[in-house]
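> Provided below: input-v6.csv, containing CSV, C-alpha atoms.
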```
chain,number,residue,atom,x,y,z
D,1414,MET,CA,64.4,-38.6,-123.0
D,1415,THR,CA,62.0,-41.4,-122.8
D,1416,THR,CA,59.5,-41.6,-125.6
D,1417,LEU,CA,56.1,-43.2,-125.9
D,1418,ALA,CA,57.6,-45.9,-128.2
D,1419,ASP,CA,60.0,-47.0,-125.4
D,1420,PHE,CA,57.1,-47.6,-123.0
D,1421,LEU,CA,55.1,-49.4,-125.7
D,1422,THR,CA,58.2,-51.6,-126.4
D,1423,VAL,CA,58.4,-52.7,-122.8
D,1424,SER,CA,54.7,-53.3,-122.7
D,1425,MET,CA,54.9,-55.4,-125.9
D,1426,VAL,CA,57.8,-57.4,-124.6
D,1427,LEU,CA,55.7,-58.1,-121.5
D,1428,LEU,CA,52.8,-59.2,-123.7
D,1429,ALA,CA,55.1,-61.5,-125.6
D,1430,ILE,CA,56.4,-63.1,-122.4
D,1431,GLY,CA,52.8,-63.5,-121.2
D,1432,VAL,CA,51.6,-65.2,-124.4
D,1433,TYR,CA,54.7,-67.4,-124.3
D,1434,GLY,CA,53.9,-68.4,-120.7
D,1435,LEU,CA,50.2,-69.1,-121.5
D,1436,VAL,CA,51.0,-71.3,-124.4
D,1437,ARG,CA,54.0,-73.0,-122.9
D,1438,SER,CA,53.0,-74.0,-119.4
D,1439,ARG,CA,50.4,-76.6,-118.4
D,1440,ASN,CA,50.4,-75.7,-114.8
D,1441,ALA,CA,47.3,-73.6,-114.0
D,1442,ILE,CA,49.1,-71.4,-111.5
D,1443,ARG,CA,51.8,-70.6,-114.0
D,1444,MET,CA,49.1,-69.7,-116.5
D,1445,LEU,CA,47.7,-67.3,-113.9
D,1446,PHE,CA,51.2,-65.7,-113.6
D,1447,ALA,CA,51.2,-65.2,-117.4
D,1448,VAL,CA,47.7,-63.6,-117.3
D,1449,GLU,CA,48.9,-61.2,-114.6
D,1450,ILE,CA,51.9,-60.3,-116.7
D,1451,ILE,CA,49.6,-59.5,-119.6
D,1452,ILE,CA,47.4,-57.4,-117.4
D,1453,SER,CA,50.4,-55.5,-116.2
D,1454,ALA,CA,51.4,-54.8,-119.8
D,1455,ALA,CA,47.9,-53.4,-120.5
D,1456,ASN,CA,48.1,-51.2,-117.4
D,1457,ILE,CA,51.5,-49.8,-118.6
D,1458,ASN,CA,49.9,-49.1,-121.9
D,1459,LEU,CA,47.0,-47.2,-120.4
D,1460,VAL,CA,49.1,-45.0,-118.2
D,1461,ALA,CA,51.7,-44.4,-121.0
D,1462,PHE,CA,49.1,-43.3,-123.5
D,1463,SER,CA,47.5,-41.1,-120.8
D,1464,ARG,CA,50.8,-39.5,-120.1
D,1465,PHE,CA,51.8,-38.9,-123.7
D,1466,SER,CA,48.5,-37.9,-125.2
D,1467,ASN,CA,47.2,-35.4,-122.7
D,1468,PRO,CA,49.0,-35.2,-119.3
D,1469,MET,CA,46.3,-32.9,-117.8
D,1470,ASP,CA,43.5,-35.5,-118.5
D,1471,LEU,CA,43.6,-38.2,-115.8
D,1472,THR,CA,41.0,-40.5,-117.5
D,1473,GLY,CA,43.7,-43.0,-118.5
D,1474,GLN,CA,45.0,-43.2,-115.0
D,1475,VAL,CA,41.5,-43.8,-113.7
D,1476,PHE,CA,41.1,-46.6,-116.2
D,1477,ALA,CA,44.4,-48.1,-115.0
D,1478,LEU,CA,43.1,-48.0,-111.5
D,1479,PHE,CA,39.9,-49.9,-112.5
D,1480,SER,CA,42.0,-52.4,-114.5
D,1481,ILE,CA,44.3,-53.1,-111.5
D,1482,ALA,CA,41.2,-53.7,-109.3
D,1483,ILE,CA,39.6,-56.0,-111.8
D,1484,GLY,CA,42.9,-57.9,-112.2
D,1485,ALA,CA,42.9,-58.4,-108.4
D,1486,ALA,CA,39.3,-59.8,-108.6
D,1487,GLU,CA,40.3,-62.1,-111.4
D,1488,ALA,CA,43.3,-63.4,-109.4
D,1489,ALA,CA,41.1,-64.1,-106.4
D,1490,VAL,CA,38.5,-66.1,-108.3
D,1491,GLY,CA,41.2,-67.9,-110.4
D,1492,LEU,CA,43.2,-69.0,-107.3
D,1493,ALA,CA,40.0,-70.2,-105.7
D,1494,ILE,CA,39.2,-72.2,-108.7
D,1495,ILE,CA,42.7,-73.6,-108.7
D,1496,ILE,CA,42.4,-74.6,-105.0
D,1497,LEU,CA,39.0,-76.3,-105.8
D,1498,VAL,CA,40.4,-78.2,-108.7
D,1499,PHE,CA,43.4,-79.3,-106.7
D,1500,ARG,CA,41.0,-80.6,-104.0
D,1501,LEU,CA,38.9,-82.4,-106.6
D,1502,THR,CA,41.6,-83.9,-108.7
D,1503,GLY,CA,44.8,-83.7,-106.7
D,1504,ASP,CA,46.5,-81.9,-109.6
D,1505,VAL,CA,46.6,-78.5,-111.2
D,1506,ASP,CA,47.8,-79.7,-114.6
D,1507,ILE,CA,45.6,-78.4,-117.4
D,1508,ALA,CA,45.8,-81.8,-119.1
D,1509,ALA,CA,44.3,-83.4,-116.1
D,1510,LEU,CA,41.3,-81.2,-116.4
D,1511,ARG,CA,40.2,-82.5,-119.8
D,1512,ARG,CA,37.8,-84.9,-118.2
D,1513,LEU,CA,35.7,-82.0,-116.9
D,1514,ARG,CA,34.2,-82.0,-120.5
D,1515,LYS,CA,32.4,-85.2,-119.9
V,1172,MET,CA,69.6,-40.7,-124.9
V,1173,VAL,CA,67.5,-43.1,-122.9
V,1174,ASP,CA,66.9,-42.4,-119.3
V,1175,PRO,CA,69.1,-44.8,-117.2
V,1176,ALA,CA,66.3,-45.1,-114.6
V,1177,PHE,CA,64.0,-46.2,-117.4
V,1178,LEU,CA,66.5,-48.8,-118.6
V,1179,LEU,CA,66.9,-50.1,-115.1
V,1180,VAL,CA,63.2,-50.4,-114.4
V,1181,SER,CA,62.3,-51.9,-117.8
V,1182,GLY,CA,65.2,-54.4,-117.5
V,1183,LEU,CA,63.9,-55.4,-114.1
V,1184,VAL,CA,60.3,-55.8,-115.3
V,1185,VAL,CA,61.4,-58.0,-118.2
V,1186,ALA,CA,63.8,-60.1,-116.2
V,1187,THR,CA,61.4,-60.8,-113.3
V,1188,SER,CA,58.6,-61.6,-115.7
V,1189,ILE,CA,60.7,-64.1,-117.6
V,1190,LEU,CA,61.8,-65.6,-114.2
V,1191,ALA,CA,58.2,-65.8,-113.1
V,1192,ILE,CA,57.4,-67.9,-116.1
V,1193,GLU,CA,60.6,-69.9,-116.3
V,1194,SER,CA,61.7,-70.5,-112.7
V,1195,ARG,CA,61.9,-74.2,-111.8
V,1196,GLN,CA,60.2,-73.9,-108.5
V,1197,LEU,CA,56.7,-72.5,-108.4
V,1198,VAL,CA,57.5,-70.6,-105.2
V,1199,TYR,CA,60.3,-68.7,-106.8
V,1200,GLY,CA,58.0,-67.9,-109.7
V,1201,ALA,CA,55.5,-66.4,-107.2
V,1202,VAL,CA,58.3,-64.3,-105.6
V,1203,ASN,CA,59.4,-63.1,-109.0
V,1204,LEU,CA,55.8,-62.2,-109.9
V,1205,ALA,CA,55.7,-60.0,-106.7
V,1206,LEU,CA,59.0,-58.3,-107.8
V,1207,MET,CA,57.5,-57.8,-111.3
V,1208,PHE,CA,54.5,-56.0,-109.8
V,1209,LEU,CA,56.9,-53.8,-107.8
V,1210,ALA,CA,58.9,-53.0,-110.9
V,1211,VAL,CA,55.7,-52.1,-112.8
V,1212,ALA,CA,55.0,-49.7,-109.9
V,1213,GLY,CA,58.4,-48.1,-110.6
V,1214,MET,CA,57.3,-47.9,-114.3
V,1215,PHE,CA,54.2,-45.9,-113.2
V,1216,ILE,CA,56.4,-43.5,-111.2
V,1217,LEU,CA,58.5,-43.0,-114.3
V,1218,LEU,CA,55.2,-42.1,-116.1
V,1219,ASP,CA,54.4,-39.4,-113.5
V,1220,ALA,CA,51.5,-41.4,-112.0
V,1221,PRO,CA,52.5,-41.8,-108.4
V,1222,PHE,CA,48.9,-42.5,-107.3
V,1223,ILE,CA,48.7,-45.5,-109.7
V,1224,ALA,CA,52.1,-46.7,-108.4
V,1225,MET,CA,50.8,-46.6,-104.8
V,1226,PHE,CA,47.6,-48.4,-105.8
V,1227,GLN,CA,49.6,-51.0,-107.7
V,1228,ILE,CA,51.8,-51.6,-104.6
V,1229,PHE,CA,48.8,-51.8,-102.3
V,1230,VAL,CA,46.7,-54.1,-104.5
V,1231,ASN,CA,49.1,-56.2,-106.5
V,1232,VAL,CA,52.2,-56.5,-104.3
V,1233,GLY,CA,50.3,-56.4,-101.0
V,1234,ALA,CA,47.3,-58.5,-101.8
V,1235,VAL,CA,47.6,-60.5,-105.0
V,1236,ALA,CA,51.2,-61.6,-104.6
V,1237,ILE,CA,50.6,-62.8,-101.0
V,1238,LEU,CA,47.4,-64.6,-102.2
V,1239,VAL,CA,49.4,-66.3,-105.0
V,1240,LEU,CA,52.2,-67.2,-102.6
V,1241,PHE,CA,49.8,-68.8,-100.2
V,1242,THR,CA,48.0,-70.7,-103.0
V,1243,VAL,CA,51.4,-72.0,-104.3
V,1244,MET,CA,52.2,-73.2,-100.8
V,1245,LEU,CA,48.8,-74.9,-100.4
V,1246,VAL,CA,48.9,-76.6,-103.8
V,1247,SER,CA,52.5,-77.1,-104.6
V,1248,THR,CA,54.2,-80.4,-104.7
V,1249,GLU,CA,57.6,-81.4,-106.2
V,1250,ARG,CA,56.0,-83.1,-109.1
V,1251,TRP,CA,55.5,-79.8,-111.0
V,1252,ALA,CA,59.0,-78.5,-110.5
V,1253,ARG,CA,60.2,-79.7,-113.8
V,1254,VAL,CA,59.3,-77.8,-117.0
V,1255,PRO,CA,59.7,-80.0,-120.0
V,1256,ARG,CA,61.2,-78.3,-123.0
V,1257,GLY,CA,59.7,-80.1,-126.0
V,1258,ARG,CA,57.4,-79.2,-128.8
V,1259,GLU,CA,55.5,-76.8,-126.6
V,1260,PHE,CA,58.5,-74.6,-126.2
V,1261,TRP,CA,58.8,-73.9,-129.9
V,1262,ALA,CA,55.0,-73.6,-130.2
V,1263,ALA,CA,55.0,-71.0,-127.4
V,1264,LEU,CA,58.0,-69.1,-128.8
V,1265,GLY,CA,56.4,-69.1,-132.3
V,1266,THR,CA,53.1,-67.8,-130.9
V,1267,SER,CA,54.6,-65.0,-128.9
V,1268,GLY,CA,56.9,-64.1,-131.8
V,1269,LEU,CA,53.9,-63.9,-134.2
V,1270,THR,CA,52.1,-61.7,-131.7
V,1271,VAL,CA,55.0,-59.3,-131.5
V,1272,LEU,CA,55.4,-59.3,-135.3
V,1273,ALA,CA,51.7,-58.5,-135.8
V,1274,LEU,CA,51.8,-55.7,-133.2
V,1275,VAL,CA,55.0,-54.1,-134.7
V,1276,SER,CA,53.6,-54.2,-138.2
V,1277,ILE,CA,50.4,-52.5,-136.9
V,1278,VAL,CA,52.2,-49.9,-134.8
V,1279,ALA,CA,54.8,-49.1,-137.4
V,1280,ARG,CA,51.9,-48.0,-139.7
V,1281,THR,CA,50.4,-45.6,-137.3
V,1282,GLY,CA,53.5,-43.4,-136.9
V,1283,LEU,CA,53.2,-43.7,-133.2
V,1284,ALA,CA,57.0,-43.5,-132.7
V,1285,ASP,CA,57.0,-39.9,-133.8
V,1286,VAL,CA,54.7,-38.7,-131.0
V,1287,PRO,CA,56.5,-35.7,-129.4
V,1288,PRO,CA,57.0,-35.9,-125.7
V,1289,PRO,CA,54.5,-33.7,-123.9
V,1290,PRO,CA,55.5,-31.0,-121.5
V,1291,ALA,CA,56.2,-32.0,-118.0
V,1292,ALA,CA,53.2,-33.4,-116.3
V,1293,PRO,CA,51.7,-31.7,-113.3
V,1294,THR,CA,52.0,-33.5,-110.0
V,1295,VAL,CA,48.9,-35.5,-109.5
V,1296,GLY,CA,47.2,-34.6,-106.3
V,1297,PRO,CA,43.5,-34.7,-105.5
V,1298,GLU,CA,42.5,-34.2,-109.1
V,1299,ILE,CA,42.4,-37.9,-109.8
V,1300,GLY,CA,39.8,-38.4,-107.1
V,1301,VAL,CA,37.7,-35.7,-108.7
V,1302,VAL,CA,37.8,-37.5,-112.0
V,1303,MET,CA,37.2,-40.9,-110.4
V,1304,LEU,CA,34.2,-39.8,-108.3
V,1305,GLY,CA,32.8,-37.2,-110.7
V,1306,ASN,CA,32.9,-38.8,-114.1
V,1307,TYR,CA,33.2,-42.4,-113.1
V,1308,GLY,CA,31.3,-42.6,-109.8
V,1309,VAL,CA,28.9,-45.2,-111.0
V,1310,ALA,CA,31.7,-47.3,-112.4
V,1311,LEU,CA,33.5,-47.1,-109.1
V,1312,VAL,CA,30.4,-48.3,-107.2
V,1313,LEU,CA,30.0,-51.1,-109.7
V,1314,LEU,CA,33.6,-52.0,-109.2
V,1315,GLY,CA,33.2,-52.2,-105.5
V,1316,ILE,CA,30.2,-54.5,-106.0
V,1317,LEU,CA,32.2,-56.6,-108.4
V,1318,LEU,CA,35.1,-56.9,-106.0
V,1319,ALA,CA,32.8,-57.9,-103.1
V,1320,ALA,CA,31.0,-60.5,-105.3
V,1321,SER,CA,34.3,-62.0,-106.5
V,1322,VAL,CA,35.7,-62.2,-103.0
V,1323,ILE,CA,32.5,-63.8,-101.7
V,1324,GLY,CA,32.6,-66.2,-104.7
V,1325,ALA,CA,36.2,-67.1,-104.1
V,1326,VAL,CA,35.5,-67.9,-100.4
V,1327,ALA,CA,32.5,-69.9,-101.4
V,1328,LEU,CA,34.5,-71.9,-104.0
V,1329,ALA,CA,37.5,-72.6,-101.8
V,1330,LYS,CA,35.4,-73.4,-98.7
V,1331,VAL,CA,36.3,-76.7,-97.1
V,1332,GLU,CA,33.3,-78.9,-96.7
V,1333,LYS,CA,33.4,-81.0,-93.6
V,1334,GLY,CA,31.9,-84.5,-93.7
```
The structure in this file should be written as structure tokens.


Amino acid sequence: MTTLADFLTVSMVLLAIGVYGLVRSRNAIRMLFAVEIIISAANINLVAFSRFSNPMDLTGQVFALFSIAIGAAEAAVGLAIIILVFRLTGDVDIAALRRLRK
Amino acid sequence: MVDPAFLLVSGLVVATSILAIESRQLVYGAVNLALMFLAVAGMFILLDAPFIAMFQIFVNVGAVAILVLFTVMLVSTERWARVPRGREFWAALGTSGLTVLALVSIVARTGLADVPPPPAAPTVGPEIGVVMLGNYGVALVLLGILLAASVIGAVALAKVEKG
């Protein structure tokens, strides 16, 4: 029997992997991967709480739908920014973007 | 006794997400990200949410993963293949470890682990559409506007200027 804690554990491991990837990598595309992993963890959390708190109430699932759609919008804009940065600087290394401050 | 299907799917989710972050070639990372999205869809099926699983496959595996793959192919060069394992590795490991520690200490205090499993969920049919269009119709329309705006913005950002 799978309990709520099992799903929360998987989601937490995913969050840990995503945070690790965000801190570790300096490649903008890989950071986007990490953000997508974190969003997936959040979606699993939403659906799991919806399933285990009140299965008849589908509000949690609707929220997961909205979250997935917003994640897709975020990925589209993020990838467009990455392509733009690559065209401007010839690199997608985050360290190379520091001069945007000036 | 843990469900073997749950073990399989969760192992797949964790393994593919680690590979997406750690794979040496960015293209393999993108492929592993697509597999991770697919495994998360399996997780939704285990949670009795087949509609969400379908949506996840349509949006994330179908659209986002392909978008990521094409961007990697547009942008990728061999220079970024290496992932240096230096101070950043331990910093990242420490940060994610601290995150897990904080979450565990919060969750352990709530007694969430003792939540009894609810009775078998009903099969989700058209009810989710009623909830989505009834209670959250305005949010749905706003979401459509947001998606259109973000796609138009992405095209405008990535547009190649000639001359």

> What residues in chain D have any atom no more than 7 Å from chain V when counting all atoms listed in the file, and can you write them as an mmCIF file with C-alpha atoms, keeping the file's coordinate frame?


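Below you can see part-v2.cif, which holds the result:
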```
data_model
loop_
_atom_site.group_PDB
_atom_site.id
_atom_site.type_symbol
_atom_site.label_atom_id
_atom_site.label_comp_id
_atom_site.auth_asym_id
_atom_site.auth_seq_id
_atom_site.Cartn_x
_atom_site.Cartn_y
_atom_site.Cartn_z
ATOM 1 C CA MET D 1414 64.400 -38.600 -123.000
ATOM 2 C CA THR D 1415 62.000 -41.400 -122.800
ATOM 3 C CA THR D 1416 59.500 -41.600 -125.600
ATOM 4 C CA LEU D 1417 56.100 -43.200 -125.900
ATOM 5 C CA ALA D 1418 57.600 -45.900 -128.200
ATOM 6 C CA VAL D 1423 58.400 -52.700 -122.800
ATOM 7 C CA MET D 1425 54.900 -55.400 -125.900
ATOM 8 C CA LEU D 1427 55.700 -58.100 -121.500
ATOM 9 C CA ALA D 1429 55.100 -61.500 -125.600
ATOM 10 C CA ILE D 1430 56.400 -63.100 -122.400
ATOM 11 C CA VAL D 1432 51.600 -65.200 -124.400
ATOM 12 C CA TYR D 1433 54.700 -67.400 -124.300
ATOM 13 C CA GLY D 1434 53.900 -68.400 -120.700
ATOM 14 C CA VAL D 1436 51.000 -71.300 -124.400
ATOM 15 C CA ARG D 1437 54.000 -73.000 -122.900
ATOM 16 C CA ARG D 1443 51.800 -70.600 -114.000
ATOM 17 C CA PHE D 1446 51.200 -65.700 -113.600
ATOM 18 C CA ALA D 1447 51.200 -65.200 -117.400
ATOM 19 C CA ILE D 1450 51.900 -60.300 -116.700
ATOM 20 C CA ALA D 1461 51.700 -44.400 -121.000
ATOM 21 C CA ARG D 1464 50.800 -39.500 -120.100
ATOM 22 C CA PHE D 1465 51.800 -38.900 -123.700
ATOM 23 C CA PRO D 1468 49.000 -35.200 -119.300
ATOM 24 C CA LEU D 1471 43.600 -38.200 -115.800
ATOM 25 C CA GLN D 1474 45.000 -43.200 -115.000
ATOM 26 C CA VAL D 1475 41.500 -43.800 -113.700
ATOM 27 C CA LEU D 1478 43.100 -48.000 -111.500
ATOM 28 C CA ILE D 1481 44.300 -53.100 -111.500
ATOM 29 C CA ALA D 1485 42.900 -58.400 -108.400
ATOM 30 C CA ALA D 1486 39.300 -59.800 -108.600
ATOM 31 C CA ALA D 1488 43.300 -63.400 -109.400
ATOM 32 C CA ALA D 1489 41.100 -64.100 -106.400
ATOM 33 C CA VAL D 1490 38.500 -66.100 -108.300
ATOM 34 C CA LEU D 1492 43.200 -69.000 -107.300
ATOM 35 C CA ALA D 1493 40.000 -70.200 -105.700
ATOM 36 C CA ILE D 1494 39.200 -72.200 -108.700
ATOM 37 C CA ILE D 1496 42.400 -74.600 -105.000
ATOM 38 C CA LEU D 1497 39.000 -76.300 -105.800
ATOM 39 C CA PHE D 1499 43.400 -79.300 -106.700
#
```

> When you draw a straight line from atom CA of V:Leu1240 to atom CA of D:Met1444, how long is it in Å?

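Distance between the two atoms: 14.5 Å.
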
> Using Å and a single decimal, report how far atom CA of D:Gly1484 sits from atom CA of D:Arg1439.

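Going from atom CA of D:Arg1439 over to atom CA of D:Gly1484, I get 21.1 Å.
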
> Separation of atom CA of D:Phe1479 and atom CA of V:Ser1276, in Å?

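These two atoms are separated by 29.4 Å.
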